[in-house]
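Colleague: Sending over a structure as structure tokens; questions will come in a sec.
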Amino acid sequence: MSGFVGVVVSDPSLQGHFTQVELRSLKAKFVTLKRESGHVTTKNLPGLMKKLKGLNEVVSEEEIAAFLSEVCPDSDQEIEFEQFLREYLNLQERVSSKAGASGSKNSWSFLKSSTTTLIHHSPNQAEKSSYVAHINAYLGNDPFLKKYLPIDPAGNDLFDLVRDGVVLCKLINVAVPGTIDERAINKKRILNPWERNENHTLCLNSAKAIGCTVVNLGAQDLVEGRAHLVLGLISQIIKVNPEIPNIQLLADLNLKRTPQLVEIFDDSKDIDEVLSLSPEKLLLQWMNYHLKKAGYKKIVTNFSSDIKDAEAYAYLIKALAPEHSSILAFDTKDPAVRAKVVLDQAEKLGCKRYLSPKDITEGSPNLNLAFVAQIFQHRNGLSTDTRQVTLTQTSSRDEVILCREERAFRMWINSLGIATYVNNVFEDVRTGWVLLEVLDKVYPGSVNWKLATKPPIKMPFRKLENCNQVINIGKDLKFSMVNLAGNDIVQGNKKLIVALLWQLMRFNILQLLNKLRFHSQGSQGKEITDADILSWANNKVKVSGRNSRMESFKDKNLSSGIFFLELLSAVEPRVVNWKVVSKGVIDDEKKLNATYIISVARKLGCSVFLLPEDIIDVNQKMILTLTASIMYWSLQKPQQPETSEQSESSYAASDAASDIASEDSASIVAPSEGEEVNSLPDRASNMPTADTSTSEAPAADTSTSETPAADTSTSEAPAADTSTSEAPADDTSTSEAPA
């Protein structure tokens, strides 16, 4: 099986302006226009360029046409793909210059932006050095990596080392232990292109599963060692993107892991509101709590401008470690001197020196947040409080399965690439805005943004308006909305919120499967159902020569994990190493198999958010999503001739299906028309470069439209029944499964 080369541009400097995800998306749109019109000229190109992100809201089609006429006076002259890319970049540059605001964007904005141009490709050298120091510290003793470490922070060895994907996979396991089963990582000394891509696909899908946003980032970008993209991903794993919580250094910054944090809030604070705070806000609250006790008069509201003079740090050290506090930190008028003294004091507490005095005085938000988080880890200054007992008891009564499902839905929502980052599903959806963003992503055009109000929302009835619109859209999509009203979402009814989110996720999965099937077979035939997914899985396993089968998505025999390992082996024989698979009889064996299944699925390119416990306990919802994700991946893969003509062939994907699938094929996200997948390895990529079918959410609306009436039905919202599906007729295939 050959390695992936992606969309190749003859001019390396031009190709360097785009990720492979962006190139594939732009190529698909260009080819579609050429196929429809016969030729691409300055006459028909403006209509396409007007729809591209970065241009669609700031420049008119007439302005684009005028610009292109300057470059190509002959309106009948055919434009090739590379010229199209150049003019797209030139237009972006002109728009940026016109706006005069490009320089104010954070250097990591490409991770959330739909277009990545050269103006964003300027990684901070100090941050790179800090990331290298972190990798050296945490992975220096790793048996496989120790021969490559330590990395020289001054050079580019980091970008060479990440090319095989091993260090990134291991870094994710440092962030959230157990995320990746190391048995699934390809760790030979010399990897072929396919094995490297598998590692990066595993890395990207696992990064999404722990809360990272990898929009416009594909496996091929990591294989090529693109500095700005590599550092952008590492910054999310070990530090923080401006909107994303630090996964490692902020891991203990929540009330469940550190219940003593409850003492930094006064009794008037609602405990649900406290639980919903992001780690960054909790850290600011903790810092101000100690600064006030130490006599500091100001309030710190950010990790940039408010700490540039280092005075806040001097007072924080005084409050937490008076034995290390120095009078010099208070007497000096030079912020650089004060910053150096503070770093020396923090080092005595055990904090690793990842930043310099200059990073403090220049207000680097990422590095300063990481610095404060380190101080919290080594000395948080909190005492045991009796109120923590009540909090812990309250948390322990929460249903374990409900908590796991909340996590899965949270990671799924964040993987969609919506503007709002979700920290706590049950709290963050109560305004209705997040749900509207999700609906607009999975069913573009369904939301009437003129009737929606963007947070922060002070008037409660505006929240209800948002939530009622969610309910109405759900009814239009034929969701079961019985006993679910907008007020239930506003009130944070956890069970009903989970029921709604499950229907949204299921709708999204079936929508993608139907899209692939319709493009491979035409518009005829019934839509794919849960029963079809079940039949497909059983047929795949049987065709491979195995005897396992799944009676339903709640079949208790699935807990051993054997069926899913055989299914994964059936869709890609080389991906499962049967030497490390156990029989799955006792609990420990089931856990090993379940962990391996998830990592192997992600390694293939499936974007799954379940936990091993979901497989062991046979969580019906999560089992369905796992099976559907494997099916989705398989349908996009160019099919080999089967040895048996079974009913599963009705679901086989043709080349046309691969051509229309979007680059986010591993993520359960609704792709836009015209997107294509030219390769397997980049399927860990996220949102398309320009999904023109998804409307942008406007600023808060102040309309006075009436609030829709709440649904007062009293019967419960039933979950989808997937237990009655029958397997297809017997298969006569004699193909053998791998050893």
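Residues in the structure tokens are named by chain (A, B, ... in the order shown) and by number from 1 within that chain; ligands are numbered from 1 in the order shown.
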Could you pull the residues within 9 Å of Leu610 (chain A), counting only C-alpha atoms, minus those fewer than 3 positions along the same chain, as a VMD selection string?
Modeller: chain A and resid 209 404 to 405 407 to 408 598 613 to 615 622 to 623 625 to 626
Colleague: Within 7 Å of Gly211 (chain A), counting only C-alpha atoms, which residues qualify if same-chain residues fewer than 3 places away don't, as an NGL selection string?
Modeller: :A and (207-208 or 411 or 414)
Colleague: Could you check how far CA of Leu355 (chain A) sits from CA of Arg379 (chain A), in Å to one decimal?
Modeller: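 About the pair CA of Leu355 (chain A) and CA of Arg379 (chain A): they are 18.7 Å apart.
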Colleague: Please identify all polymer residues within 8 Å of region 203-206 of chain A, counting only C-alpha atoms, omitting same-chain residues fewer than 2 positions from it, and present them as a list in words.
Modeller: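 These residues fall inside the cut-off: Gly165, Leu168, Cys169, Ile172, Thr179, Ile180, Asn199, His200, Thr201, Lys208, Ala209, Ile210, Val214, Gly218, Ala219, Ser599, Arg602, Lys603, Gly605, Cys606, Ser607, Val608, Ala666, Ala684 and Ser685 of chain A.
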Colleague: Give me a file of those residues, with C-alpha atoms, as an mmCIF file, in the first residue's frame.
Modeller:
data_model
loop_
_atom_site.group_PDB
_atom_site.id
_atom_site.type_symbol
_atom_site.label_atom_id
_atom_site.label_comp_id
_atom_site.auth_asym_id
_atom_site.auth_seq_id
_atom_site.Cartn_x
_atom_site.Cartn_y
_atom_site.Cartn_z
ATOM 1 C CA GLY A 165 4.493 10.552 14.965
ATOM 2 C CA LEU A 168 3.377 13.286 19.605
ATOM 3 C CA CYS A 169 1.489 10.107 20.553
ATOM 4 C CA ILE A 172 -0.659 12.923 24.447
ATOM 5 C CA THR A 179 -5.471 7.887 25.894
ATOM 6 C CA ILE A 180 -3.409 5.911 23.366
ATOM 7 C CA ASN A 199 0.860 7.305 13.704
ATOM 8 C CA HIS A 200 -0.124 10.860 12.849
ATOM 9 C CA THR A 201 -3.723 9.880 12.202
ATOM 10 C CA LYS A 208 -9.415 15.607 19.402
ATOM 11 C CA ALA A 209 -10.538 13.030 21.943
ATOM 12 C CA ILE A 210 -8.817 14.939 24.773
ATOM 13 C CA VAL A 214 -7.188 20.435 15.007
ATOM 14 C CA GLY A 218 -3.833 16.805 8.532
ATOM 15 C CA ALA A 219 -1.454 13.909 8.980
ATOM 16 C CA SER A 599 -6.552 3.249 19.466
ATOM 17 C CA ARG A 602 -8.290 6.129 15.602
ATOM 18 C CA LYS A 603 -5.165 4.869 13.879
ATOM 19 C CA GLY A 605 -8.872 7.390 10.777
ATOM 20 C CA CYS A 606 -12.061 6.948 12.791
ATOM 21 C CA SER A 607 -12.866 9.868 15.060
ATOM 22 C CA VAL A 608 -14.370 8.237 18.143
ATOM 23 C CA ALA A 666 -12.598 10.954 10.491
ATOM 24 C CA ALA A 684 -7.885 13.050 10.879
ATOM 25 C CA SER A 685 -8.302 16.566 9.548
#
Colleague: Find the residues near region 127-136 of chain A: any atom within 8 Å, counting only C-alpha atoms, skip ones fewer than 4 places away on the same chain, and give them as a ChimeraX atom specification.
Modeller: /A:123,140,149-154,158,171,231,234-235,238,354-355,367
